[in-house]
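Novice: My structure is below; once you've seen it, I'll send some questions.
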Amino acid sequence: MAKPTTTRQREILTAIVESYIATGEPVSSGALAHSAFANSMSSATIRNEMAELAEAGLLDQPHTSAGRVPSAEAFRLYVSQLTAKTPARSALHSQIDTSFAGLAGQSALLERTSHVLAALSSGVGVAIGAAASTDLLEHIHFSRLAQRRVLAVVVTRSGMVRDRVLTLDQDLAPVQLETAANFLNEHFRGWNIDLVRAELARRIDHERTAYRQLADAVALWSQTVPTGASQQQAVYVDGVANLIALSEFPADRDRLRQMLAALEEKQRLIELLNAYANTSEGSVRVVFELGQQDPGMAGLVLIAAPARASGDSTVAILGPQRMDYQSAIAAVGYISQLLHRMDTGDPVPLSR
């Protein structure tokens with residue numbers, strides 16, 4: 001795909017992209033001459049340059065009598081200009097700092113991140129991170145429902161309650177379930193739930209006299225809290241209604257239905273961000289052809305960046321091609337750096 005070869009073509013293409021972002025309407029040479037160039041360039045000159053840009057694949061014409069609209073390649077070139085010279089925007093930073101004031105804890109930070117990105121971009125804000133693994137065991141209880149079926153209830157210090165129906169390899173009497181629960185509560189209350197399994201296995205090897213209690217506890221705990229259950233990625237999404245309100249989507253009901261289905265399946269969002277967010281570079285990335293990764297995302301643009309020193313969090317905006325790229329890129333980049341500093345314990349300077 002050819003790029004604009006002259007300064008004039010680059011200026012005209014930039015003006016077309018920004019006009020289309022602002023209005024959502026095809027751009028004519030006459031309107032461009034008046035609004036973007038204050039009649040310093042004639043309509044005929046602009047029309048000739050637009051014809052060359054169209055031949056290069058940078059402009060499309062939706063209707064014969066209509067003006068031109070930027071192609072995906074035109075948006076890509078426009079964004080490459082922004083990322084090369086995006087200046088610091090203290091007003092935006094101050095707005096973000098205010099939104100994060102008083103928050104503590106990763107879950108609260110990521111939830112607020114998705115909300116702030118959605119509000120700033122009129123797109124969908126996305127923040128993904130490892131679910132908190134610092135919960136401590138407060139109490140566990142087992143109830144026999146039927147033969148080989150047991151209800152397990154785990155209460156953590158943070159107030160979270162987990163319940164799961166277990167199917168056991170062998171039936172356990174109520175007294176055995178009570179013994180296992182008493183053992184876990186007595187020995188592991190206040191423990192990080194991620195450490196219980198390994199400690200149970202260690203004690204089986206070293207405390208043969210308590211083998212039966214421990215074996216029952218291991219079997220029950222393994223099904224109650226599967227391996228990695230506390231390390232699943234938490235996804236916070238806000239602003240889907242912003243996309244529904246856009247003029248591009250309601251006209252195509254099937255496309256809107258596919259897009260909403262893709263956004264509702266959070267595992268698809270995790271896979272999408274894992275596929276495109278470059279944690280090794282730590283920079284903001286803008287991706288246009290999302291439909292190649294997930295057909296339900298066709299027509300959307302992804303702006304994403306890794307957000308934590310450990311590399312397990314990502315913040316992103318999913319929006320239409322018509323968005324304020326400069327604000328969106330600046331917001332994603334700044335929040336990424338903000339969460340990184342919070343994770344590493346570095347001081348967080350407030351914008352003035």
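Letters A, B, ... mark the chains of the structure tokens in the order given; residue numbers begin at 1 per chain; ligand numbers begin at 1, in order shown.
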Please identify all polymer residues within 9 Å of stretch 336-338 of chain A, counting only C-alpha atoms, omitting same-chain residues fewer than 4 positions from it, and present them as number ranges by chain.
Specialist: A: 97, 282-284, 304-308, 314-315, 331-332, 342-343, 348
Novice: Generate the output file for the selected residues, C-alpha atoms, as a JSON list (two decimals), in the first residue's frame.
Specialist:
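Output file again.json is given in full below:
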```
[["chain", "number", "residue", "atom", "x", "y", "z"],
["A", 97, "ASP", "CA", -5.38, 11.25, 38.60],
["A", 282, "GLY", "CA", 5.65, -2.12, 27.45],
["A", 283, "SER", "CA", 4.35, 0.34, 24.85],
["A", 284, "VAL", "CA", 0.91, 1.31, 23.57],
["A", 304, "ALA", "CA", -3.76, -1.57, 24.46],
["A", 305, "ALA", "CA", -0.73, -1.56, 26.75],
["A", 306, "PRO", "CA", 0.62, -3.78, 29.57],
["A", 307, "ALA", "CA", 0.07, -2.21, 32.97],
["A", 308, "ARG", "CA", 2.06, -3.95, 35.73],
["A", 314, "THR", "CA", -3.42, -5.03, 30.46],
["A", 315, "VAL", "CA", -5.48, -1.89, 29.89],
["A", 331, "ALA", "CA", -5.05, 7.79, 28.28],
["A", 332, "VAL", "CA", -4.05, 4.14, 27.80],
["A", 342, "MET", "CA", 1.58, 1.69, 41.91],
["A", 343, "ASP", "CA", 2.62, -1.96, 41.48],
["A", 348, "VAL", "CA", 2.88, 8.61, 41.83]]
```
Novice: Run DSSP on the backbone of this structure and report the residues of stretch 33-180 of chain A it assigns to helix (DSSP H, G or I), as a ChimeraX atom specification.
Specialist: /A:33-35,43-55,72-85,90-100,106-121,174-180
Novice: May I ask which of the residues A:Gln326, A:Gln176, A:Gln95, A:Ser28 is the closest one to A:Gln81, counting only C-alpha atoms?
Specialist: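 Closest residue, counting only C-alpha atoms: A:Gln326.
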Novice: Report as a VMD selection string all protein, DNA and RNA residues lying within 8 Å of A:Ile140, evaluated on only C-alpha atoms, omitting residues in the same chain fewer than 5 positions from it.
Specialist: chain A and resid 152 to 155 181 184 to 185
Novice: List the spatial neighbours of stretch 264-276 of chain A as an mmCIF file with N, CA and C atoms, in the first residue's frame - criterion: any atom at most 8 Å away, only C-alpha atoms, same-chain residues fewer than 2 positions off excluded.
Specialist:
```cif
data_model
loop_
_atom_site.group_PDB
_atom_site.id
_atom_site.type_symbol
_atom_site.label_atom_id
_atom_site.label_comp_id
_atom_site.auth_asym_id
_atom_site.auth_seq_id
_atom_site.Cartn_x
_atom_site.Cartn_y
_atom_site.Cartn_z
ATOM 1 N N ILE A 128 -7.426 -5.986 32.386
ATOM 2 C CA ILE A 128 -7.296 -7.392 32.741
ATOM 3 C C ILE A 128 -6.115 -7.552 33.684
ATOM 4 N N GLN A 233 -7.684 -14.664 35.419
ATOM 5 C CA GLN A 233 -7.629 -13.241 35.134
ATOM 6 C C GLN A 233 -8.997 -12.605 35.335
ATOM 7 N N VAL A 235 -11.551 -9.560 34.585
ATOM 8 C CA VAL A 235 -11.778 -8.656 33.462
ATOM 9 C C VAL A 235 -12.803 -7.611 33.883
ATOM 10 N N LEU A 260 -21.691 -7.655 20.375
ATOM 11 C CA LEU A 260 -22.093 -7.735 21.771
ATOM 12 C C LEU A 260 -21.790 -9.114 22.348
ATOM 13 N N ALA A 261 -21.973 -10.169 21.533
ATOM 14 C CA ALA A 261 -21.656 -11.511 22.008
ATOM 15 C C ALA A 261 -20.171 -11.647 22.309
ATOM 16 N N ALA A 262 -19.327 -11.049 21.457
ATOM 17 C CA ALA A 262 -17.876 -11.118 21.672
ATOM 18 C C ALA A 262 -17.471 -10.370 22.936
ATOM 19 N N ASN A 278 1.741 -6.225 23.725
ATOM 20 C CA ASN A 278 3.142 -6.650 23.796
ATOM 21 C C ASN A 278 3.705 -6.315 25.164
ATOM 22 N N ARG A 285 -0.033 -0.143 21.881
ATOM 23 C CA ARG A 285 -0.149 -0.713 20.539
ATOM 24 C C ARG A 285 -1.552 -0.460 20.006
ATOM 25 N N VAL A 287 -4.238 -1.625 17.049
ATOM 26 C CA VAL A 287 -4.498 -2.722 16.114
ATOM 27 C C VAL A 287 -5.835 -2.477 15.436
ATOM 28 N N GLN A 293 -8.701 -11.803 14.070
ATOM 29 C CA GLN A 293 -8.560 -12.570 15.306
ATOM 30 C C GLN A 293 -9.910 -13.066 15.802
ATOM 31 N N ASP A 294 -10.954 -12.206 15.685
ATOM 32 C CA ASP A 294 -12.284 -12.555 16.170
ATOM 33 C C ASP A 294 -13.304 -11.847 15.281
ATOM 34 N N ALA A 304 -4.061 -0.797 23.252
ATOM 35 C CA ALA A 304 -3.760 -1.566 24.464
ATOM 36 C C ALA A 304 -2.315 -1.373 24.894
ATOM 37 N N THR A 314 -3.351 -5.772 31.719
ATOM 38 C CA THR A 314 -3.421 -5.032 30.464
ATOM 39 C C THR A 314 -4.573 -4.050 30.554
#
```
Novice: In Å, with one decimal, what is the gap from atom CA of A:Met50 to atom CA of A:Leu243?
Specialist: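 That distance, rounded to one decimal, is 29.7 Å.
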Novice: Could you check the closest approach to A:Val116 for each of A:Gly239, A:Gly159, A:Pro62, A:Gly190 and tell me which residue wins, using only C-alpha atoms?
Specialist: A:Gly239
Novice: Nearest residue to A:Pro70 out of A:Gln321, A:Thr344, A:Ser313, A:Ser114, using only C-alpha atoms?
Specialist: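 Of the candidates, the smallest distance to A:Pro70 is held by A:Gln321.
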Novice: Find the residues around A:Ser71 up to 7 Å (only C-alpha atoms counted), leave out those fewer than 6 positions away in its own chain, and share them as a list in words.
Specialist: Leu58, Leu59 and Asp60 of chain A
Novice: Excluding same-chain residues fewer than 3 positions from A:Ala33, what lies within 12 Å of it counting only C-alpha atoms, as a ChimeraX atom specification?
Specialist: /A:11-12,15-16,19,27-30,36-47,50
Novice: Using only C-alpha atoms, pick whichever of A:Ala72, A:Ser158, A:His63, A:Gly333 has the shortest atom-to-atom distance to A:Ala298.
Specialist: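 Of the candidates, the smallest distance to A:Ala298 is held by A:Ala72.
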